[in-house]
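File shown: upload.cif. Contents: mmCIF, C-alpha atoms.
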```
data_input
loop_
_atom_site.label_atom_id
_atom_site.label_comp_id
_atom_site.auth_asym_id
_atom_site.auth_seq_id
_atom_site.Cartn_x
_atom_site.Cartn_y
_atom_site.Cartn_z
CA MET N 21 -21.15 -16.30 -18.84
CA ARG N 22 -18.15 -18.53 -18.22
CA CYS N 23 -16.67 -17.46 -21.58
CA VAL N 24 -16.94 -13.78 -20.64
CA PHE N 25 -15.26 -14.47 -17.29
CA ASN N 26 -12.43 -16.38 -19.00
CA LEU N 27 -11.88 -13.56 -21.50
CA LEU N 28 -11.81 -11.02 -18.68
CA CYS N 29 -9.25 -13.08 -16.75
CA LEU N 30 -7.13 -13.43 -19.88
CA GLY N 31 -7.27 -9.68 -20.48
CA LEU N 32 -6.24 -8.96 -16.89
CA ALA N 33 -3.37 -11.44 -17.12
CA LEU N 34 -2.14 -9.92 -20.39
CA SER N 35 -2.33 -6.38 -19.05
CA ALA N 36 -0.42 -7.42 -15.93
CA SER N 37 2.26 -9.15 -18.01
CA ASN N 38 2.62 -6.10 -20.26
CA LEU N 39 3.06 -3.95 -17.21
CA TYR N 40 6.48 -5.44 -16.44
CA SER N 41 7.60 -6.49 -19.90
CA GLN N 42 8.60 -3.00 -21.00
CA SER N 43 12.35 -2.44 -21.02
CA GLY N 44 13.97 -0.41 -18.27
CA ILE N 45 11.00 -0.51 -15.90
CA ASP N 46 11.30 -2.18 -12.55
CA SER N 47 8.47 -3.56 -10.44
CA THR N 48 8.01 -0.34 -8.42
CA ASP N 49 7.18 1.81 -11.47
CA TRP N 50 3.69 0.32 -11.89
CA ARG N 51 2.47 3.01 -9.49
CA LEU N 52 3.53 5.73 -11.93
CA ARG N 53 1.26 4.38 -14.66
CA HIS N 54 -1.62 3.37 -12.40
CA SER N 55 -4.91 4.79 -13.64
CA PRO N 56 -7.95 5.41 -11.42
CA ARG N 57 -10.08 5.59 -14.57
CA LYS N 58 -8.97 2.10 -15.61
CA ALA N 59 -9.62 0.73 -12.11
CA SER N 60 -13.12 2.20 -12.14
CA LEU N 61 -13.86 0.91 -15.63
CA LEU N 62 -12.69 -2.57 -14.72
CA SER N 63 -14.96 -2.57 -11.66
CA VAL N 64 -17.90 -1.43 -13.76
CA VAL N 65 -17.35 -4.21 -16.30
CA ALA N 66 -16.53 -6.95 -13.78
CA PRO N 67 -17.02 -6.32 -10.07
CA GLY N 68 -13.82 -7.00 -8.18
CA ALA N 69 -11.59 -6.49 -11.23
CA GLY N 70 -10.71 -2.95 -10.15
CA GLN N 71 -9.61 -4.23 -6.77
CA ILE N 72 -7.42 -6.82 -8.48
CA TYR N 73 -5.98 -4.09 -10.74
CA ASN N 74 -5.19 -2.07 -7.61
CA ARG N 75 -3.42 -5.11 -6.16
CA LYS N 76 -5.84 -5.30 -3.26
CA TYR N 77 -6.62 -8.94 -3.94
CA TRP N 78 -8.32 -9.47 -0.58
CA LYS N 79 -11.05 -6.94 -1.47
CA ALA N 80 -12.32 -8.77 -4.57
CA PRO N 81 -13.90 -11.69 -2.66
CA ILE N 82 -15.61 -9.18 -0.37
CA ALA N 83 -17.19 -7.47 -3.40
CA TRP N 84 -18.22 -10.83 -4.86
CA ALA N 85 -19.69 -11.97 -1.54
CA GLY N 86 -21.67 -8.76 -1.19
CA LEU N 87 -23.10 -9.04 -4.68
CA GLY N 88 -23.78 -12.76 -4.27
CA THR N 89 -25.61 -12.16 -1.00
CA CYS N 90 -27.81 -9.53 -2.63
CA VAL N 91 -28.60 -11.85 -5.55
CA TYR N 92 -29.46 -14.64 -3.11
CA PHE N 93 -31.92 -12.45 -1.22
CA ILE N 94 -33.45 -11.19 -4.47
CA GLN N 95 -34.10 -14.77 -5.57
CA GLU N 96 -35.47 -15.88 -2.19
CA ASN N 97 -37.75 -12.89 -1.74
CA THR N 98 -39.00 -13.14 -5.33
CA ARG N 99 -39.78 -16.84 -4.85
CA GLU N 100 -41.70 -16.22 -1.64
CA TYR N 101 -43.46 -13.19 -3.13
CA ARG N 102 -44.72 -15.28 -6.05
CA ARG N 103 -45.77 -18.07 -3.70
CA TYR N 104 -47.91 -15.82 -1.54
CA LYS N 105 -49.20 -13.86 -4.53
CA ASP N 106 -50.42 -17.08 -6.14
CA ALA N 107 -52.08 -18.07 -2.83
CA TYR N 108 -53.76 -14.66 -2.62
CA ILE N 109 -55.07 -14.94 -6.18
CA ALA N 110 -56.41 -18.43 -5.41
CA ILE N 111 -58.22 -17.10 -2.33
CA VAL N 112 -59.89 -14.10 -3.97
CA ASP N 113 -60.62 -15.45 -7.46
CA GLY N 114 -64.09 -16.69 -6.46
CA ASP N 115 -63.61 -20.11 -8.08
CA PRO N 116 -64.31 -22.88 -5.55
CA SER N 117 -62.25 -25.37 -7.57
CA THR N 118 -58.99 -23.46 -6.91
CA THR N 119 -57.48 -23.71 -3.47
CA ASP N 120 -54.47 -22.02 -2.01
CA GLU N 121 -51.57 -23.97 -0.55
CA PHE N 122 -52.60 -22.94 2.96
CA ASN N 123 -56.03 -24.62 2.65
CA GLY N 124 -57.90 -21.61 4.03
CA ARG N 125 -55.91 -21.33 7.26
CA PHE N 126 -55.21 -17.64 6.55
CA SER N 127 -57.50 -14.88 5.38
CA ALA N 128 -56.98 -13.01 2.12
CA ASN N 129 -55.90 -9.92 4.07
CA GLN N 130 -53.22 -11.86 6.01
CA VAL N 131 -51.84 -13.41 2.83
CA LEU N 132 -51.84 -9.98 1.12
CA GLN N 133 -49.85 -8.48 4.00
CA VAL N 134 -47.22 -11.21 3.73
CA THR N 135 -47.15 -10.75 -0.06
CA ASP N 136 -46.50 -7.02 0.36
CA THR N 137 -43.77 -7.72 2.90
CA TYR N 138 -41.89 -10.04 0.53
CA ARG N 139 -42.33 -7.56 -2.34
CA ARG N 140 -40.87 -4.79 -0.17
CA TRP N 141 -37.94 -6.99 0.88
CA ARG N 142 -37.30 -7.91 -2.76
CA ASP N 143 -37.25 -4.23 -3.72
CA ILE N 144 -34.86 -3.43 -0.87
CA SER N 145 -32.62 -6.30 -2.04
CA TYR N 146 -32.44 -4.70 -5.49
CA ILE N 147 -31.49 -1.38 -3.92
CA CYS N 148 -28.79 -3.12 -1.86
CA LEU N 149 -27.46 -4.79 -5.01
CA GLY N 150 -27.11 -1.40 -6.68
CA ALA N 151 -25.46 0.07 -3.58
CA VAL N 152 -22.93 -2.78 -3.29
CA TYR N 153 -22.16 -2.51 -7.02
CA LEU N 154 -21.67 1.25 -6.71
CA LEU N 155 -19.48 0.84 -3.61
CA ASN N 156 -17.36 -1.66 -5.54
CA VAL N 157 -16.69 0.96 -8.24
CA VAL N 158 -16.12 3.79 -5.75
CA ASP N 159 -13.71 1.64 -3.72
CA ALA N 160 -11.68 0.79 -6.81
CA SER N 161 -11.52 4.43 -7.86
CA VAL N 162 -10.56 5.79 -4.44
CA ASP N 163 -8.03 3.02 -3.88
CA ALA N 164 -6.46 3.74 -7.27
CA HIS N 165 -6.10 7.42 -6.36
CA PHE N 166 -4.22 6.41 -3.20
CA VAL N 167 -1.74 4.10 -4.97
CA ARG N 168 0.86 6.88 -5.11
CA PHE N 169 0.11 8.11 -1.59
CA ASP N 170 3.26 7.79 0.50
CA VAL N 171 2.71 6.54 4.01
CA SER N 172 6.15 6.88 5.46
CA ARG N 173 7.02 5.90 9.02
CA ASP N 174 9.13 9.08 9.34
CA LEU N 175 6.37 11.66 9.71
CA SER N 176 6.87 14.49 12.17
CA ALA N 177 4.70 17.40 13.15
CA SER N 178 5.63 20.64 14.84
CA LEU N 179 3.67 23.52 16.29
CA ALA N 180 5.44 26.89 16.55
CA PRO N 181 4.62 30.58 16.79
CA SER N 182 4.84 32.57 13.56
CA LEU N 183 4.23 35.95 11.99
CA SER N 184 1.81 36.04 9.09
CA THR N 185 2.97 38.10 6.11
CA ALA N 186 -0.53 38.21 4.60
CA ALA N 187 -2.00 39.99 7.65
CA MET N 188 0.72 42.66 8.06
CA GLY N 189 2.84 40.74 10.53
CA ALA N 190 0.02 39.47 12.72
CA PRO N 191 1.02 36.86 15.29
CA GLY N 192 -0.24 33.32 14.80
CA ILE N 193 0.49 29.66 15.16
CA SER N 194 2.12 27.59 12.44
CA PHE N 195 1.58 23.85 12.06
CA SER N 196 3.97 21.95 9.80
CA LEU N 197 4.12 18.32 8.79
CA ALA N 198 7.48 17.07 7.58
CA LEU N 199 8.57 13.84 5.92
CA ARG N 200 11.99 12.62 7.00
#
```
Produce structure tokens that represent the structure in this file.
Amino acid sequence: MRCVFNLLCLGLALSASNLYSQSGIDSTDWRLRHSPRKASLLSVVAPGAGQIYNRKYWKAPIAWAGLGTCVYFIQENTREYRRYKDAYIAIVDGDPSTTDEFNGRFSANQVLQVTDTYRRWRDISYICLGAVYLLNVVDASVDAHFVRFDVSRDLSASLAPSLSTAAMGAPGISFSLALR
């Protein structure tokens, strides 16, 4: 796993160095060659890599934390599910030599309810893991599409009366947004 991570980091470093090593290209031209497809693919292969490719470095730890939290809850809920499942099996197996870890303090029905609860929480944790993974890819793709989006401070809007040529000179209102 560490080897794959190191190779991925090396590949990202090489692609970033090749980005500026071409002759006649300054540091602002990276936006012209920025690919949403590449950002999405990088996020699919390694969560957070698309955010790094998009130069939104602060988003990568958020993606990693979200995935790590989901994995943590999957492990915890699976551990507790197995614990209560084993206790339930020990209660209902009919063998007096096997005892559950609760020493008969809880009925089989109570232990089964807790077992089902942990199973449900584990399943929800898997769904959350898939959702966070998918959001990671969608965020990288959408962010890559907005790389070339110009957010200038000199935006102005105007509202004025107009005559529409499509509707035979019908009166109307025109709204225009101008960059200055």
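Put simply, atom CA of N:Asp163 is 9.1 Å away from atom CA of N:Gly70.
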> In terms of the shortest atom-to-atom distance over only C-alpha atoms, which of N:Pro67, N:Gly150, N:Pro56, N:Gly124 is closest to N:Ala83?
Replying inline: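 The shortest atom-to-atom distance to N:Ala83 comes from N:Pro67.
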Point (-12.7, -2.7, -2.4), cut-off 10 Å, counting only C-alpha atoms, residues as a PDB file with C-alpha atoms, keeping the file's coordinate frame:
```
ATOM      1  CA  SER N  63     -14.960  -2.570 -11.660  1.00  0.00           C
ATOM      2  CA  PRO N  67     -17.020  -6.320 -10.070  1.00  0.00           C
ATOM      3  CA  GLY N  68     -13.820  -7.000  -8.180  1.00  0.00           C
ATOM      4  CA  ALA N  69     -11.590  -6.490 -11.230  1.00  0.00           C
ATOM      5  CA  GLY N  70     -10.710  -2.950 -10.150  1.00  0.00           C
ATOM      6  CA  GLN N  71      -9.610  -4.230  -6.770  1.00  0.00           C
ATOM      7  CA  ILE N  72      -7.420  -6.820  -8.480  1.00  0.00           C
ATOM      8  CA  ASN N  74      -5.190  -2.070  -7.610  1.00  0.00           C
ATOM      9  CA  LYS N  76      -5.840  -5.300  -3.260  1.00  0.00           C
ATOM     10  CA  TYR N  77      -6.620  -8.940  -3.940  1.00  0.00           C
ATOM     11  CA  TRP N  78      -8.320  -9.470  -0.580  1.00  0.00           C
ATOM     12  CA  LYS N  79     -11.050  -6.940  -1.470  1.00  0.00           C
ATOM     13  CA  ALA N  80     -12.320  -8.770  -4.570  1.00  0.00           C
ATOM     14  CA  PRO N  81     -13.900 -11.690  -2.660  1.00  0.00           C
ATOM     15  CA  ILE N  82     -15.610  -9.180  -0.370  1.00  0.00           C
ATOM     16  CA  ALA N  83     -17.190  -7.470  -3.400  1.00  0.00           C
ATOM     17  CA  LEU N 155     -19.480   0.840  -3.610  1.00  0.00           C
ATOM     18  CA  ASN N 156     -17.360  -1.660  -5.540  1.00  0.00           C
ATOM     19  CA  VAL N 157     -16.690   0.960  -8.240  1.00  0.00           C
ATOM     20  CA  VAL N 158     -16.120   3.790  -5.750  1.00  0.00           C
ATOM     21  CA  ASP N 159     -13.710   1.640  -3.720  1.00  0.00           C
ATOM     22  CA  ALA N 160     -11.680   0.790  -6.810  1.00  0.00           C
ATOM     23  CA  SER N 161     -11.520   4.430  -7.860  1.00  0.00           C
ATOM     24  CA  VAL N 162     -10.560   5.790  -4.440  1.00  0.00           C
ATOM     25  CA  ASP N 163      -8.030   3.020  -3.880  1.00  0.00           C
TER      26      ASP N 163
END
```
> Taking the file as shown, what set of residues would the PyMOL selection byres ((chain N and resi 133-136) around 9) give back, as a list of chain:residue names?
Replying inline: N:Glu100, N:Tyr101, N:Arg102, N:Arg103, N:Tyr104, N:Lys105, N:Tyr108, N:Ala128, N:Asn129, N:Gln130, N:Val131, N:Leu132, N:Thr137, N:Tyr138, N:Arg139, N:Arg140, N:Trp141
> Which residue, N:Phe169, N:Arg53, N:Arg125, N:Ala151, has the smallest gap to N:Gly86 when you use all atoms listed in the file?
Replying inline: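 Answer, going by the shortest atom-to-atom distance: N:Ala151.
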> Separation of atom CA of N:Leu183 and atom CA of N:Phe195, in Å?
Replying inline: 12.4 Å
>> Given all atoms listed in the file as the basis, pick out the residue of N:Val64, N:Leu179, N:Ala85, N:Val112 nearest to N:Ser127.
In response: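 Nearest to N:Ser127: N:Val112.
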>> I'd like the residues picked by the PyMOL selection byres ((chain N and resi 180) around 10) written out as a ChimeraX atom specification, using the chain letters and numbers from the file.
In response: /N:178-179,181-182,192-196
Please produce a file of the residues just selected, as a PDB file, in the frame of the given file, where the atoms kept are C-alpha atoms.
```
ATOM      1  CA  SER N 178       5.630  20.640  14.840  1.00  0.00           C
ATOM      2  CA  LEU N 179       3.670  23.520  16.290  1.00  0.00           C
ATOM      3  CA  PRO N 181       4.620  30.580  16.790  1.00  0.00           C
ATOM      4  CA  SER N 182       4.840  32.570  13.560  1.00  0.00           C
ATOM      5  CA  GLY N 192      -0.240  33.320  14.800  1.00  0.00           C
ATOM      6  CA  ILE N 193       0.490  29.660  15.160  1.00  0.00           C
ATOM      7  CA  SER N 194       2.120  27.590  12.440  1.00  0.00           C
ATOM      8  CA  PHE N 195       1.580  23.850  12.060  1.00  0.00           C
ATOM      9  CA  SER N 196       3.970  21.950   9.800  1.00  0.00           C
TER      10      SER N 196
END
```
> Can you tell me how far atom CA of N:Thr98 sits from atom CA of N:Ile144, in Å to one decimal?
Replying inline: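 According to the coordinates, atom CA of N:Thr98 and atom CA of N:Ile144 are separated by 11.5 Å.
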> Pick the closest to N:Gln95 from N:Ala66, N:His54, N:Tyr146, N:Tyr73: which is it, counting all atoms listed in the file?
Replying inline: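 Between N:Ala66, N:His54, N:Tyr146, N:Tyr73, the residue approaching N:Gln95 most closely is N:Tyr146.
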> Counting all atoms listed in the file, which of N:Ala164, N:Pro116, N:Leu87, N:Ala190 gets nearest to N:Leu62?
Replying inline: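 Comparing N:Ala164, N:Pro116, N:Leu87, N:Ala190 against N:Leu62, the winner is N:Ala164.
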> Any chance you could work out the residue set of the PyMOL selection byres ((chain N and resi 120) around 6) here, as a PyMOL selection string?
Replying inline: chain N and resi 107+110+119+121-123
>> When you count all atoms listed in the file, which of these residues is closest to N:Gly88: N:Ala177, N:Ile147, N:Val152, N:Leu61?
In response: N:Val152
